[in-house]
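Coordinates from target_3.txt are shown below (compact mmCIF, C-alpha atoms).
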# COMPACT_ATOMS: atom_id res chain seq x y z
CA MET A 437 14.23 -35.47 5.82
CA ASP A 438 15.09 -38.06 8.44
CA PHE A 439 18.47 -36.74 9.63
CA ALA A 440 18.92 -39.57 12.11
CA LYS A 441 18.64 -42.14 9.32
CA LEU A 442 20.88 -40.06 7.06
CA TRP A 443 23.55 -39.86 9.77
CA SER A 444 23.25 -43.60 10.40
CA ASP A 445 23.70 -44.33 6.68
CA ILE A 446 26.78 -42.07 6.55
CA LEU A 447 28.33 -43.86 9.52
CA ASN A 448 27.56 -47.29 8.06
CA ASN A 449 29.04 -46.39 4.69
CA ALA A 450 32.09 -44.76 6.27
CA GLY A 451 32.65 -47.86 8.40
CA PHE A 452 32.44 -50.07 5.31
CA VAL A 453 34.98 -47.89 3.48
CA LEU A 454 37.40 -48.00 6.43
CA VAL A 455 37.09 -51.80 6.66
CA CYS A 456 37.79 -52.06 2.92
CA ILE A 457 40.87 -49.85 3.16
CA GLY A 458 42.18 -51.75 6.18
CA ILE A 459 41.76 -55.20 4.65
CA VAL A 460 43.21 -54.13 1.28
CA ALA A 461 46.23 -52.68 3.09
CA MET A 462 46.75 -55.88 5.11
CA ILE A 463 46.53 -58.09 2.02
CA SER A 464 48.97 -55.84 0.14
CA LEU A 465 51.47 -55.86 3.01
CA LEU A 466 51.20 -59.64 3.29
CA ALA A 467 51.93 -60.01 -0.43
CA VAL A 468 54.96 -57.69 -0.26
CA PHE A 469 56.34 -59.45 2.83
CA ALA A 470 55.87 -62.90 1.26
CA GLU A 471 57.58 -61.77 -1.93
CA ARG A 472 60.64 -60.55 -0.04
CA MET A 473 60.96 -63.97 1.56
CA LEU A 474 60.88 -65.84 -1.75
CA PRO A 475 64.09 -67.39 -3.09
CA GLY A 476 65.39 -66.54 -6.55
CA LYS A 477 62.91 -63.84 -7.50
CA ARG A 478 62.48 -63.26 -11.24
CA GLN A 479 64.06 -59.98 -12.34
CA THR A 480 61.92 -57.82 -14.63
CA SER A 481 62.03 -54.14 -15.47
CA SER A 482 59.41 -51.82 -13.95
CA ALA A 483 58.00 -51.03 -17.38
CA ARG A 484 57.64 -54.71 -18.25
CA ARG A 485 56.09 -55.46 -14.87
CA VAL A 486 53.50 -52.69 -15.27
CA SER A 487 52.76 -53.85 -18.82
CA ILE A 488 52.14 -57.47 -17.79
CA ILE A 489 49.97 -56.45 -14.83
CA GLY A 490 47.98 -54.14 -17.10
CA ILE A 491 47.37 -56.81 -19.75
CA CYS A 492 46.37 -59.45 -17.21
CA SER A 493 44.16 -56.98 -15.34
CA ALA A 494 42.33 -56.05 -18.54
CA LEU A 495 41.75 -59.71 -19.40
CA ALA A 496 40.58 -60.37 -15.84
CA ALA A 497 38.16 -57.43 -15.93
CA VAL A 498 36.57 -58.75 -19.13
CA LEU A 499 36.18 -62.22 -17.61
CA HIS A 500 34.79 -60.67 -14.42
CA MET A 501 32.07 -58.89 -16.40
CA LEU A 502 31.11 -62.22 -18.00
CA ASP A 503 30.03 -63.61 -14.63
CA PHE A 504 26.98 -65.84 -14.39
CA PRO A 505 24.86 -67.37 -11.60
CA LEU A 506 24.68 -71.04 -10.70
CA PRO A 507 21.05 -71.11 -9.51
CA PHE A 508 21.23 -74.78 -8.52
CA ILE A 509 23.95 -73.94 -5.96
CA ALA A 510 23.36 -70.40 -4.64
CA PRO A 511 20.98 -67.42 -5.01
CA GLY A 512 21.39 -65.31 -8.14
CA PHE A 513 23.31 -62.47 -6.50
CA TYR A 514 26.19 -64.93 -6.08
CA LYS A 515 27.87 -65.24 -9.46
CA LEU A 516 30.68 -67.33 -10.83
CA ASP A 517 33.46 -65.87 -12.96
CA PHE A 518 36.86 -67.02 -14.12
CA SER A 519 38.67 -63.69 -13.72
CA GLU A 520 41.28 -65.23 -11.40
CA LEU A 521 42.76 -67.11 -14.37
CA PRO A 522 44.76 -64.13 -15.78
CA VAL A 523 45.54 -63.04 -12.21
CA LEU A 524 47.10 -66.44 -11.49
CA LEU A 525 49.10 -66.33 -14.72
CA CYS A 526 50.40 -62.91 -13.71
CA GLY A 527 51.21 -64.08 -10.18
CA PHE A 528 52.94 -67.25 -11.35
CA TYR A 529 55.23 -65.15 -13.52
CA LEU A 530 55.79 -62.01 -11.41
CA GLY A 531 55.02 -63.06 -7.84
CA PRO A 532 52.41 -62.48 -5.12
CA SER A 533 52.47 -58.67 -5.00
CA ALA A 534 51.75 -58.54 -8.74
CA SER A 535 48.78 -60.89 -8.27
CA VAL A 536 47.27 -58.57 -5.63
CA ALA A 537 47.88 -55.52 -7.84
CA CYS A 538 46.29 -57.33 -10.77
CA GLU A 539 43.29 -58.29 -8.63
CA GLY A 540 42.85 -54.69 -7.49
CA VAL A 541 43.15 -53.17 -10.96
CA LYS A 542 40.67 -55.76 -12.23
CA ILE A 543 38.06 -54.54 -9.74
CA LEU A 544 38.71 -50.88 -10.58
CA LEU A 545 38.37 -51.54 -14.32
CA LYS A 546 35.16 -53.48 -13.76
CA LEU A 547 33.70 -50.62 -11.70
CA LEU A 548 34.66 -48.07 -14.37
CA LEU A 549 33.16 -50.14 -17.18
CA LYS A 550 30.12 -51.67 -15.51
CA GLY A 551 29.62 -50.03 -12.13
CA THR A 552 28.29 -51.91 -9.13
CA SER A 553 24.98 -53.62 -8.46
CA THR A 554 25.80 -54.66 -4.88
CA ALA A 555 26.68 -51.31 -3.23
CA PHE A 556 30.36 -52.31 -3.64
CA VAL A 557 29.96 -55.24 -1.23
CA GLY A 558 30.20 -57.80 -4.04
CA ASP A 559 33.20 -56.04 -5.55
CA PHE A 560 35.00 -55.95 -2.21
CA ALA A 561 34.13 -59.62 -1.67
CA ASN A 562 35.47 -60.53 -5.11
CA PHE A 563 38.78 -58.84 -4.32
CA VAL A 564 39.22 -60.40 -0.88
CA VAL A 565 38.10 -63.90 -1.86
CA GLY A 566 40.08 -63.70 -5.10
CA CYS A 567 43.24 -62.75 -3.20
CA SER A 568 42.65 -65.62 -0.77
CA PHE A 569 42.86 -67.90 -3.82
CA VAL A 570 45.71 -66.41 -5.83
CA LEU A 571 48.02 -65.45 -2.95
CA PRO A 572 48.53 -68.94 -1.46
CA ALA A 573 48.75 -70.48 -4.94
CA THR A 574 51.28 -67.91 -6.12
CA ILE A 575 53.43 -68.01 -2.99
CA TRP A 576 53.61 -71.81 -3.04
CA TYR A 577 54.44 -71.94 -6.74
CA GLN A 578 57.08 -69.22 -6.47
CA THR A 579 58.77 -71.12 -3.63
CA HIS A 580 59.36 -74.22 -5.79
CA ARG A 581 58.56 -73.35 -9.44
CA ASN A 582 57.70 -76.70 -10.92
CA LYS A 583 54.57 -78.48 -12.09
CA HIS A 584 54.04 -80.29 -8.81
CA SER A 585 54.26 -77.05 -6.82
CA ALA A 586 51.81 -75.40 -9.22
CA ILE A 587 49.29 -78.19 -8.58
CA MET A 588 49.83 -78.08 -4.82
CA GLY A 589 49.59 -74.29 -4.82
CA LEU A 590 46.30 -74.33 -6.70
CA ILE A 591 44.88 -76.96 -4.33
CA LEU A 592 46.01 -74.89 -1.35
CA GLY A 593 44.54 -71.73 -2.87
CA THR A 594 41.21 -73.43 -3.49
CA LEU A 595 41.03 -74.69 0.10
CA VAL A 596 41.97 -71.30 1.55
CA MET A 597 39.49 -69.49 -0.69
CA THR A 598 36.70 -71.88 0.25
CA THR A 599 37.41 -71.65 3.98
CA LEU A 600 38.03 -67.91 4.15
CA GLY A 601 35.24 -67.07 1.71
CA THR A 602 32.75 -69.10 3.73
CA ALA A 603 33.77 -67.52 7.04
CA PHE A 604 34.02 -63.99 5.62
CA ASN A 605 30.53 -64.22 4.14
CA ALA A 606 29.06 -65.43 7.43
CA VAL A 607 30.82 -62.95 9.69
CA TYR A 608 30.82 -59.78 7.58
CA LEU A 609 29.67 -59.81 3.96
CA LEU A 610 26.14 -61.18 4.30
CA PRO A 611 25.22 -58.96 7.27
CA LYS A 612 26.72 -55.91 5.52
CA PHE A 613 24.91 -56.73 2.26
CA ALA A 614 21.62 -57.01 4.16
CA GLN A 615 22.31 -53.75 5.99
CA LEU A 616 23.26 -51.65 2.96
CA PHE A 617 20.35 -52.97 0.89
CA GLU A 618 17.95 -52.82 3.86
CA LEU A 619 17.13 -56.44 3.11
CA PRO A 620 16.23 -58.70 6.06
CA LEU A 621 18.83 -61.41 6.57
CA ASP A 622 15.98 -63.91 6.97
CA GLN A 623 14.93 -63.13 3.41
CA ILE A 624 18.42 -63.95 2.11
CA ILE A 625 18.40 -67.20 4.08
CA ALA A 626 15.00 -68.01 2.58
CA MET A 627 16.52 -67.58 -0.91
CA GLY A 628 19.14 -70.14 0.02
CA SER A 629 16.66 -72.61 1.52
CA ALA A 630 14.64 -72.47 -1.71
CA ILE A 631 17.71 -73.93 -3.46
CA GLN A 632 19.28 -75.99 -0.68
CA PRO A 633 16.62 -77.36 1.70
CA GLY A 634 19.18 -77.77 4.45
CA VAL A 635 19.70 -73.99 4.77
CA ARG A 636 18.27 -72.79 8.08
CA ASN A 637 20.54 -69.94 9.17
CA VAL A 638 23.62 -67.98 8.13
CA ALA A 639 25.99 -70.83 9.00
CA THR A 640 24.16 -73.41 6.90
CA PHE A 641 23.69 -70.84 4.12
CA VAL A 642 27.41 -70.26 3.68
CA VAL A 643 28.29 -73.95 4.07
CA LEU A 644 25.70 -75.22 1.58
CA CYS A 645 25.66 -72.32 -0.90
CA VAL A 646 28.85 -70.26 -0.69
CA ALA A 647 31.41 -73.02 -0.07
CA PRO A 648 30.33 -75.19 -3.04
CA LEU A 649 30.42 -72.16 -5.34
CA ASN A 650 33.99 -71.39 -4.30
CA LEU A 651 35.00 -75.02 -4.71
CA VAL A 652 33.60 -75.08 -8.25
CA LYS A 653 35.42 -71.85 -9.09
CA GLY A 654 38.69 -73.06 -7.59
CA PHE A 655 38.56 -76.37 -9.45
CA VAL A 656 37.70 -74.88 -12.85
CA VAL A 657 40.19 -71.99 -12.65
CA SER A 658 42.92 -74.34 -11.40
CA LEU A 659 42.29 -76.76 -14.26
CA LEU A 660 42.36 -73.95 -16.83
CA THR A 661 45.56 -72.55 -15.32
CA MET A 662 47.34 -75.89 -15.61
CA LEU A 663 46.13 -76.36 -19.18
CA LEU A 664 46.92 -72.85 -20.40
CA TYR A 665 50.00 -71.59 -18.53
CA LYS A 666 52.57 -73.21 -20.81
CA LYS A 667 50.60 -72.26 -23.90
CA VAL A 668 50.14 -68.58 -23.05
CA ALA A 669 53.51 -67.97 -21.35
CA ARG A 670 55.35 -67.24 -24.61
CA PRO A 671 52.78 -64.91 -26.26
CA LEU A 672 51.85 -63.21 -22.97
CA PHE A 673 55.24 -62.89 -21.30
CA GLY A 674 57.54 -63.07 -24.32
CA LYS A 675 59.35 -66.35 -23.66
CA GLY A 676 58.86 -69.91 -22.41
CA GLN A 677 58.43 -70.40 -18.70
CA GLN A 678 58.78 -73.18 -16.16
What would you get if you wrote out this structure as structure tokens?
Amino acid sequence: MDFAKLWSDILNNAGFVLVCIGIVAMISLLAVFAERMLPGKRQTSSARRVSIIGICSALAAVLHMLDFPLPFIAPGFYKLDFSELPVLLCGFYLGPSASVACEGVKILLKLLLKGTSTAFVGDFANFVVGCSFVLPATIWYQTHRNKHSAIMGLILGTLVMTTLGTAFNAVYLLPKFAQLFELPLDQIIAMGSAIQPGVRNVATFVVLCVAPLNLVKGFVVSLLTMLLYKKVARPLFGKGQQ
């Protein structure tokens, strides 16, 4: 047994876990702080809040498991899903902290039902990038609560998700994915250049492959949210909403 390699793997995995815990904690604190600053917060009982988060999380987990690749945009290990739709509905009704809780429970349910195929890197990425979409959208909507603010919030969320997702992939996720899977980063870049000829390095990979995927997701989920929120508010939350 190669104990040096074993020890190195333990350290790498422990470092990844600590990074995950730290970032999840920061996102959660940001959501709680933002919620405390919001005017006119909607009052709901704890039981009702837990129930709504649970329902939306379950719907989000199902949609997450129905993910699919867009091979004309990015390599197959990048997949598109619409799981942020129920998360946004939950956040629009209950606020930013509920959207983060819903996003987290979604990931846990998906792992319990389907497991992971990306050594948890993809699951962590889905949580972080998903929160970068739903948090700005939810905070902006909750500040104003009208149709115009919903549209502006969704546009803001899409832009933040695209920017942060692109940077996060370049700086951390792609190198960590390559490390945990013992896959040369050059091989991943070659997968991207086979789809997008302009891909030459990590920077061009994330700009030409990752950013367009996030833009597509943001646009489609935003459109579905605007079309469905009024229609599902009564059956999902029990009464009509703004």
Practice task
Around the point (23.7, -55.7, 0.6) in the file's coordinates, collect all residues with an atom within 12 Å, using only C-alpha atoms, and return them as a ChimeraX atom specification.
Solution key: /A:448-449,452,513-514,552-561,605,608-621,623-624
Problem - Contacts of segment 455-462 of chain A within 9 Å, all atoms listed in the file, excl. fewer than 5 positions in-chain, as a PyMOL selection string - result: chain A and resi 450+467+540+560+563-564
Practice task
Counting all atoms listed in the file, write as a PyMOL selection string all protein and nucleic acid residues lying at most 9 Å from (27.5, -74.0, 0.9) in the file's frame.
Solution key: chain A and resi 509-510+602+632+635+639-650
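One distance worth recording is that between atom CA of Glu471 of chain A and atom CA of Lys542 of chain A, which is 20.7 Å.
The smallest atom-to-atom distance between Val652 of chain A and any of A:Leu525, A:Ala586, A:Leu506, A:Val607, using all atoms listed in the file, is found for A:Leu506.
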Exercise for the section: For atom CA of Phe528 of chain A and atom CA of Ile463 of chain A, determine how far apart the two atoms are, in Å to one decimal place. Expected result: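 Those two atoms sit 17.4 Å apart.
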Problem - Pick from A:Ser568, A:Ser482, A:Ser585, A:Ser519, whichever lies nearest to Leu660 of chain A using all atoms listed in the file - result: A:Ser519
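Of the residues under consideration (A:Thr594, A:Thr599, A:Ser487, A:Thr579), A:Thr579 shows the shortest atom-to-atom contact distance to Gly531 of chain A when counting all atoms listed in the file.
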Completion exercise
Residue with the minimum atom-to-atom distance to Leu659 of chain A, picked from A:Leu548, A:Ile591, A:Cys538, A:Val565 with only C-alpha atoms counted, is A:Ile591
Practice task
Compile the contact shell of Pro505 of chain A as a VMD selection string: residues with an atom at most 7 Å away, counting all atoms listed in the file, same-chain residues fewer than 6 positions apart removed.
Solution key: chain A and resid 512 514 to 516
Problem - Shell around Phe518 of chain A at 9 Å using only C-alpha atoms, local window under 6 positions removed, as number ranges by chain - result: A: 496, 499-500, 502-503, 653, 656-657
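For the choices A:Leu544, A:Ala603, A:Met662, A:Ala630, the atom-to-atom distance to Val498 of chain A is smallest for A:Leu544 when using all atoms listed in the file.
Shortest separation to Tyr577 of chain A among A:Ala537, A:Thr598, A:Val523, A:Tyr529 occurs at residue A:Tyr529, atoms counted being all atoms listed in the file.
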Test item: axis-aligned box, all listed atoms of segment 629-638 of chain A, 5 Å on each side, centre and edges in Å rounded to one decimal, as AutoDock Vina command-line options:
--center_x 19.1 --center_y -72.9 --center_z 2.9 --size_x 19.0 --size_y 19.8 --size_z 22.6
Exercise for the section: Figure out the distance between atom CA of Val638 of chain A and atom CA of Pro507 of chain A, please, to one decimal in Å. Expected result: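 Interatomic distance, atom CA of Pro507 of chain A to atom CA of Val638 of chain A: 18.1 Å.
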Practice task
Please provide as JSON, numbers by chain all residues within 10 Å of Glu539 of chain A, with the sequence filter that same-chain residues fewer than 5 positions apart are discarded (counting all atoms listed in the file).
Solution key: {"A": [489, 492, 493, 496, 497, 519, 520, 522, 523, 524, 526, 527, 533, 534, 544, 562, 563, 564, 566, 567, 570]}
Problem - Long-range neighbours of Met501 of chain A as an MDAnalysis selection string, 8 Å cut-off, all atoms listed in the file, 4 positions minimum in chain - result: chainID A and resid 497 517 546 550
Since the input is missing atoms for segment 510-544 of chain A, could you rebuild it with N, CA and C atoms and give the result as a PDB file, keeping the file's coordinate frame?
ATOM      1  N   ALA A 510      23.501 -71.584  -5.510  1.00  0.00           N
ATOM      2  CA  ALA A 510      23.360 -70.400  -4.640  1.00  0.00           C
ATOM      3  C   ALA A 510      22.395 -69.404  -5.278  1.00  0.00           C
ATOM      4  N   PRO A 511      21.845 -68.476  -4.470  1.00  0.00           N
ATOM      5  CA  PRO A 511      20.980 -67.420  -5.010  1.00  0.00           C
ATOM      6  C   PRO A 511      21.665 -66.616  -6.101  1.00  0.00           C
ATOM      7  N   GLY A 512      20.876 -65.969  -6.949  1.00  0.00           N
ATOM      8  CA  GLY A 512      21.390 -65.310  -8.140  1.00  0.00           C
ATOM      9  C   GLY A 512      22.365 -64.186  -7.917  1.00  0.00           C
ATOM     10  N   PHE A 513      22.366 -63.558  -6.716  1.00  0.00           N
ATOM     11  CA  PHE A 513      23.310 -62.470  -6.500  1.00  0.00           C
ATOM     12  C   PHE A 513      24.727 -62.998  -6.254  1.00  0.00           C
ATOM     13  N   TYR A 514      24.869 -64.303  -6.075  1.00  0.00           N
ATOM     14  CA  TYR A 514      26.190 -64.930  -6.080  1.00  0.00           C
ATOM     15  C   TYR A 514      26.482 -65.396  -7.501  1.00  0.00           C
ATOM     16  N   LYS A 515      27.568 -64.905  -8.069  1.00  0.00           N
ATOM     17  CA  LYS A 515      27.870 -65.240  -9.460  1.00  0.00           C
ATOM     18  C   LYS A 515      29.277 -65.809  -9.587  1.00  0.00           C
ATOM     19  N   LEU A 516      29.411 -66.672 -10.565  1.00  0.00           N
ATOM     20  CA  LEU A 516      30.680 -67.330 -10.830  1.00  0.00           C
ATOM     21  C   LEU A 516      31.378 -66.640 -11.990  1.00  0.00           C
ATOM     22  N   ASP A 517      32.668 -66.403 -11.839  1.00  0.00           N
ATOM     23  CA  ASP A 517      33.460 -65.870 -12.960  1.00  0.00           C
ATOM     24  C   ASP A 517      34.843 -66.508 -12.904  1.00  0.00           C
ATOM     25  N   PHE A 518      35.538 -66.400 -14.012  1.00  0.00           N
ATOM     26  CA  PHE A 518      36.860 -67.020 -14.120  1.00  0.00           C
ATOM     27  C   PHE A 518      37.954 -65.962 -14.213  1.00  0.00           C
ATOM     28  N   SER A 519      37.721 -64.801 -13.595  1.00  0.00           N
ATOM     29  CA  SER A 519      38.670 -63.690 -13.720  1.00  0.00           C
ATOM     30  C   SER A 519      39.988 -63.950 -12.999  1.00  0.00           C
ATOM     31  N   GLU A 520      40.024 -64.929 -12.083  1.00  0.00           N
ATOM     32  CA  GLU A 520      41.280 -65.230 -11.400  1.00  0.00           C
ATOM     33  C   GLU A 520      42.282 -65.959 -12.307  1.00  0.00           C
ATOM     34  N   LEU A 521      41.846 -66.422 -13.462  1.00  0.00           N
ATOM     35  CA  LEU A 521      42.760 -67.110 -14.370  1.00  0.00           C
ATOM     36  C   LEU A 521      43.905 -66.201 -14.826  1.00  0.00           C
ATOM     37  N   PRO A 522      43.638 -65.012 -15.415  1.00  0.00           N
ATOM     38  CA  PRO A 522      44.760 -64.130 -15.780  1.00  0.00           C
ATOM     39  C   PRO A 522      45.544 -63.640 -14.566  1.00  0.00           C
ATOM     40  N   VAL A 523      44.858 -63.479 -13.427  1.00  0.00           N
ATOM     41  CA  VAL A 523      45.540 -63.040 -12.210  1.00  0.00           C
ATOM     42  C   VAL A 523      46.557 -64.088 -11.767  1.00  0.00           C
ATOM     43  N   LEU A 524      46.174 -65.355 -11.838  1.00  0.00           N
ATOM     44  CA  LEU A 524      47.100 -66.440 -11.490  1.00  0.00           C
ATOM     45  C   LEU A 524      48.277 -66.496 -12.458  1.00  0.00           C
ATOM     46  N   LEU A 525      48.018 -66.333 -13.739  1.00  0.00           N
ATOM     47  CA  LEU A 525      49.100 -66.330 -14.720  1.00  0.00           C
ATOM     48  C   LEU A 525      50.089 -65.224 -14.418  1.00  0.00           C
ATOM     49  N   CYS A 526      49.560 -64.051 -14.066  1.00  0.00           N
ATOM     50  CA  CYS A 526      50.400 -62.910 -13.710  1.00  0.00           C
ATOM     51  C   CYS A 526      51.201 -63.212 -12.448  1.00  0.00           C
ATOM     52  N   GLY A 527      50.545 -63.777 -11.444  1.00  0.00           N
ATOM     53  CA  GLY A 527      51.210 -64.080 -10.180  1.00  0.00           C
ATOM     54  C   GLY A 527      52.251 -65.167 -10.323  1.00  0.00           C
ATOM     55  N   PHE A 528      51.968 -66.182 -11.124  1.00  0.00           N
ATOM     56  CA  PHE A 528      52.940 -67.250 -11.350  1.00  0.00           C
ATOM     57  C   PHE A 528      54.212 -66.710 -11.993  1.00  0.00           C
ATOM     58  N   TYR A 529      54.065 -65.700 -12.832  1.00  0.00           N
ATOM     59  CA  TYR A 529      55.230 -65.150 -13.520  1.00  0.00           C
ATOM     60  C   TYR A 529      55.955 -64.087 -12.681  1.00  0.00           C
ATOM     61  N   LEU A 530      55.177 -63.159 -12.072  1.00  0.00           N
ATOM     62  CA  LEU A 530      55.790 -62.010 -11.410  1.00  0.00           C
ATOM     63  C   LEU A 530      55.849 -62.119  -9.883  1.00  0.00           C
ATOM     64  N   GLY A 531      54.988 -62.930  -9.289  1.00  0.00           N
ATOM     65  CA  GLY A 531      55.020 -63.060  -7.840  1.00  0.00           C
ATOM     66  C   GLY A 531      53.743 -62.573  -7.167  1.00  0.00           C
ATOM     67  N   PRO A 532      53.647 -62.754  -5.844  1.00  0.00           N
ATOM     68  CA  PRO A 532      52.410 -62.480  -5.120  1.00  0.00           C
ATOM     69  C   PRO A 532      51.967 -61.022  -5.125  1.00  0.00           C
ATOM     70  N   SER A 533      52.892 -60.071  -5.024  1.00  0.00           N
ATOM     71  CA  SER A 533      52.470 -58.670  -5.000  1.00  0.00           C
ATOM     72  C   SER A 533      51.843 -58.264  -6.333  1.00  0.00           C
ATOM     73  N   ALA A 534      52.336 -58.828  -7.430  1.00  0.00           N
ATOM     74  CA  ALA A 534      51.750 -58.540  -8.740  1.00  0.00           C
ATOM     75  C   ALA A 534      50.340 -59.119  -8.839  1.00  0.00           C
ATOM     76  N   SER A 535      50.114 -60.287  -8.217  1.00  0.00           N
ATOM     77  CA  SER A 535      48.780 -60.890  -8.270  1.00  0.00           C
ATOM     78  C   SER A 535      47.765 -60.025  -7.520  1.00  0.00           C
ATOM     79  N   VAL A 536      48.174 -59.445  -6.383  1.00  0.00           N
ATOM     80  CA  VAL A 536      47.270 -58.570  -5.630  1.00  0.00           C
ATOM     81  C   VAL A 536      47.009 -57.277  -6.412  1.00  0.00           C
ATOM     82  N   ALA A 537      48.059 -56.723  -7.019  1.00  0.00           N
ATOM     83  CA  ALA A 537      47.880 -55.520  -7.840  1.00  0.00           C
ATOM     84  C   ALA A 537      46.944 -55.797  -9.006  1.00  0.00           C
ATOM     85  N   CYS A 538      47.135 -56.937  -9.642  1.00  0.00           N
ATOM     86  CA  CYS A 538      46.290 -57.330 -10.770  1.00  0.00           C
ATOM     87  C   CYS A 538      44.833 -57.486 -10.323  1.00  0.00           C
ATOM     88  N   GLU A 539      44.627 -58.108  -9.166  1.00  0.00           N
ATOM     89  CA  GLU A 539      43.290 -58.290  -8.630  1.00  0.00           C
ATOM     90  C   GLU A 539      42.628 -56.941  -8.350  1.00  0.00           C
ATOM     91  N   GLY A 540      43.390 -56.006  -7.791  1.00  0.00           N
ATOM     92  CA  GLY A 540      42.850 -54.690  -7.490  1.00  0.00           C
ATOM     93  C   GLY A 540      42.500 -53.896  -8.737  1.00  0.00           C
ATOM     94  N   VAL A 541      43.408 -53.897  -9.717  1.00  0.00           N
ATOM     95  CA  VAL A 541      43.150 -53.170 -10.960  1.00  0.00           C
ATOM     96  C   VAL A 541      41.955 -53.777 -11.693  1.00  0.00           C
ATOM     97  N   LYS A 542      41.825 -55.080 -11.630  1.00  0.00           N
ATOM     98  CA  LYS A 542      40.670 -55.760 -12.230  1.00  0.00           C
ATOM     99  C   LYS A 542      39.364 -55.192 -11.690  1.00  0.00           C
ATOM    100  N   ILE A 543      39.272 -55.054 -10.367  1.00  0.00           N
ATOM    101  CA  ILE A 543      38.060 -54.540  -9.740  1.00  0.00           C
ATOM    102  C   ILE A 543      37.813 -53.092 -10.165  1.00  0.00           C
ATOM    103  N   LEU A 544      38.871 -52.279 -10.188  1.00  0.00           N
ATOM    104  CA  LEU A 544      38.710 -50.880 -10.580  1.00  0.00           C
ATOM    105  C   LEU A 544      38.231 -50.760 -12.030  1.00  0.00           C
TER     106      LEU A 544
END
